[in-house]
Amino acid sequence: MSGTVVADFWFDPSCPYTWLTSRWLLEVERVRPVEVRWHVMSLSVLNEGRDDDPEGDPEGYLWVPVRVCAAVQRDHGQEALGRLYTAMWTTGTGDWIGDLRTALATAGLPVELAEAGMSTDYDDVVRASHAEGIGLIGEHVGTPIVSVDGGRVVFFGPVVSRLPRGEDAGRLWDGTLLVAGTPGFHELKGKPHEEPKLD
């Protein structure tokens, strides 16, 4: 559609707040001329070399879903990655990612790609995609990162605990672009995090 703005969305698939932000962007697509493109980033990569473990993942499990996403991104493209991401969160119990094979099958992708999660074969894809997103904004943020219209406006978040729908989603989009697109703007925070309402 003419006049459509592209919103490139970098996400770690394990983060529930990022999941809500992604669903917000899909709501935005319905009420604004916006097209979302999907890219992986990794909290594991972001936190490498830190003395603490902010994600509480000493076993490195967070690598598993992001590697599967990277395999899909590389071998099947961004639209397929978006389908997988949706399936990851809608085929499980609702409070975290479901079974990766089920998610892949639901997304119409080869279930064998689940094996990528336990392999380092796609780590270069994870790191390259992550570096692309972080390179637009800096290492002081986490997931998600949104780049609008080829980097004209770039921001982290917004972090939401409830999903805005319809015109509420559109107004949040309008306001976020206004604030993040203001020259010299760096940060805005709201109230402390609530538990994400994923239903």
# chains A, B, ... in the order shown; residues from 1 in each chain; ligands from 1
$ closest_atom_pairs --of "region 69-146 of chain A" --to "region 155-158 of chain A" --cutoff "8 Å" --atoms "only C-alpha atoms" --output "JSON lines"
{"residue": "A:Ile137", "atom": "CA", "partner": "A:Phe155", "partner_atom": "CA", "distance": 7.1}
{"residue": "A:Val141", "atom": "CA", "partner": "A:Phe156", "partner_atom": "CA", "distance": 6.4}
{"residue": "A:Gly142", "atom": "CA", "partner": "A:Phe156", "partner_atom": "CA", "distance": 7.1}
{"residue": "A:Thr143", "atom": "CA", "partner": "A:Phe156", "partner_atom": "CA", "distance": 6.9}
{"residue": "A:Pro144", "atom": "CA", "partner": "A:Gly157", "partner_atom": "CA", "distance": 5.4}
{"residue": "A:Ile145", "atom": "CA", "partner": "A:Phe156", "partner_atom": "CA", "distance": 4.5}
{"residue": "A:Val146", "atom": "CA", "partner": "A:Phe155", "partner_atom": "CA", "distance": 5.4}
$ write_last_selection --atoms "all heavy atoms" --output "short mmCIF file (atom, residue, chain, number, x, y, z; two decimals), in the first residue's frame"
data_model
loop_
_atom_site.label_atom_id
_atom_site.label_comp_id
_atom_site.auth_asym_id
_atom_site.auth_seq_id
_atom_site.Cartn_x
_atom_site.Cartn_y
_atom_site.Cartn_z
N ILE A 137 20.84 1.73 17.94
CA ILE A 137 20.44 2.45 19.15
C ILE A 137 21.48 2.43 20.25
O ILE A 137 21.55 3.34 21.06
CB ILE A 137 19.08 1.89 19.66
CG1 ILE A 137 18.45 2.83 20.69
CG2 ILE A 137 19.22 0.48 20.17
CD1 ILE A 137 17.00 2.51 21.01
N VAL A 141 20.21 -0.68 25.89
CA VAL A 141 18.83 -1.14 25.90
C VAL A 141 18.78 -2.66 25.79
O VAL A 141 19.79 -3.31 25.58
CB VAL A 141 18.01 -0.51 24.74
CG1 VAL A 141 18.04 1.01 24.83
CG2 VAL A 141 18.50 -0.98 23.39
N GLY A 142 17.57 -3.19 25.90
CA GLY A 142 17.34 -4.62 25.74
C GLY A 142 16.41 -4.88 24.59
O GLY A 142 16.44 -4.20 23.57
N THR A 143 15.53 -5.86 24.80
CA THR A 143 14.58 -6.25 23.77
C THR A 143 13.20 -5.69 24.13
O THR A 143 12.86 -5.70 25.31
CB THR A 143 14.52 -7.78 23.65
OG1 THR A 143 13.51 -8.18 22.72
CG2 THR A 143 14.22 -8.46 24.98
N PRO A 144 12.44 -5.18 23.18
CA PRO A 144 12.65 -5.12 21.73
C PRO A 144 13.21 -3.77 21.28
O PRO A 144 13.18 -2.78 22.02
CB PRO A 144 11.23 -5.28 21.19
CG PRO A 144 10.39 -4.53 22.19
CD PRO A 144 11.05 -4.80 23.54
N ILE A 145 13.68 -3.76 20.05
CA ILE A 145 14.11 -2.54 19.38
C ILE A 145 13.23 -2.38 18.14
O ILE A 145 12.99 -3.35 17.42
CB ILE A 145 15.59 -2.62 18.97
CG1 ILE A 145 16.48 -2.70 20.21
CG2 ILE A 145 15.99 -1.43 18.08
CD1 ILE A 145 17.92 -3.07 19.91
N VAL A 146 12.76 -1.16 17.91
CA VAL A 146 11.95 -0.86 16.74
C VAL A 146 12.65 0.25 15.94
O VAL A 146 13.02 1.27 16.51
CB VAL A 146 10.53 -0.41 17.12
CG1 VAL A 146 9.70 -0.13 15.87
CG2 VAL A 146 9.84 -1.48 17.97
#
$ residues_around --residues "region 86-99 of chain A" --least-positions-apart "4" --cutoff "10 Å" --atoms "only C-alpha atoms" --output "list in words"
Pro13, Ser14, Cys15, Pro16, Trp19, Ser22, Arg23, Pro65, Cys69, Ala80, Leu81, Gly82, Ala103, Leu104, Ala105, Thr106, Ala107, Gly108, Ala114, Pro196, Lys197, Leu198 and Asp199 of chain A
$ write_last_selection --atoms "C-alpha atoms" --output "PDB file, in the first residue's frame"
ATOM      1  CA  PRO A  13      11.513 -14.615  21.601  1.00  0.00           C
ATOM      2  CA  SER A  14      11.712 -15.508  25.298  1.00  0.00           C
ATOM      3  CA  CYS A  15      10.673 -12.133  26.748  1.00  0.00           C
ATOM      4  CA  PRO A  16       6.971 -11.827  27.685  1.00  0.00           C
ATOM      5  CA  TRP A  19       5.737 -10.512  23.119  1.00  0.00           C
ATOM      6  CA  SER A  22       4.931  -7.390  19.195  1.00  0.00           C
ATOM      7  CA  ARG A  23       1.166  -7.892  19.527  1.00  0.00           C
ATOM      8  CA  PRO A  65      14.469 -20.421  20.955  1.00  0.00           C
ATOM      9  CA  CYS A  69      14.251 -18.179  15.161  1.00  0.00           C
ATOM     10  CA  ALA A  80       7.961 -16.953   8.281  1.00  0.00           C
ATOM     11  CA  LEU A  81       9.811 -15.695  11.352  1.00  0.00           C
ATOM     12  CA  GLY A  82       6.742 -13.658  12.296  1.00  0.00           C
ATOM     13  CA  ALA A 103       5.245 -24.094  16.995  1.00  0.00           C
ATOM     14  CA  LEU A 104       7.211 -24.847  13.818  1.00  0.00           C
ATOM     15  CA  ALA A 105       4.495 -27.173  12.527  1.00  0.00           C
ATOM     16  CA  THR A 106       1.800 -24.605  13.337  1.00  0.00           C
ATOM     17  CA  ALA A 107       3.789 -21.973  11.430  1.00  0.00           C
ATOM     18  CA  GLY A 108       4.045 -24.280   8.392  1.00  0.00           C
ATOM     19  CA  ALA A 114      13.918 -27.338  16.278  1.00  0.00           C
ATOM     20  CA  PRO A 196       2.533  -9.043  31.892  1.00  0.00           C
ATOM     21  CA  LYS A 197      -1.088  -9.880  31.110  1.00  0.00           C
ATOM     22  CA  LEU A 198      -0.584 -12.410  28.342  1.00  0.00           C
ATOM     23  CA  ASP A 199      -4.185 -13.526  27.859  1.00  0.00           C
TER      24      ASP A 199
END
$ select_by_dssp --residues "region 18-191 of chain A" --states "helix (DSSP H, G or I)" --output "JSON, numbers by chain"
{"A": [18, 19, 20, 21, 22, 23, 24, 25, 26, 27, 28, 29, 30, 31, 43, 44, 45, 46, 63, 64, 65, 66, 67, 68, 69, 70, 71, 72, 73, 74, 75, 76, 78, 79, 80, 81, 82, 83, 84, 85, 86, 87, 88, 89, 90, 100, 101, 102, 103, 104, 105, 106, 111, 112, 113, 114, 115, 116, 117, 118, 123, 124, 125, 126, 127, 128, 129, 130, 131, 132, 133, 134, 135, 136, 137, 166, 167, 168, 169, 170, 171, 172, 173, 174, 175, 176, 177, 178, 179, 180]}
$ atom_distance --atom1 "CA of Pro164 (chain A)" --atom2 "CA of Leu26 (chain A)"
10.5 Å
$ select_by_dssp --residues "chain A" --states "strand (DSSP E or B)" --output "MDAnalysis selection string"
chainID A and resid 5:11 34:40 145:148 153:156
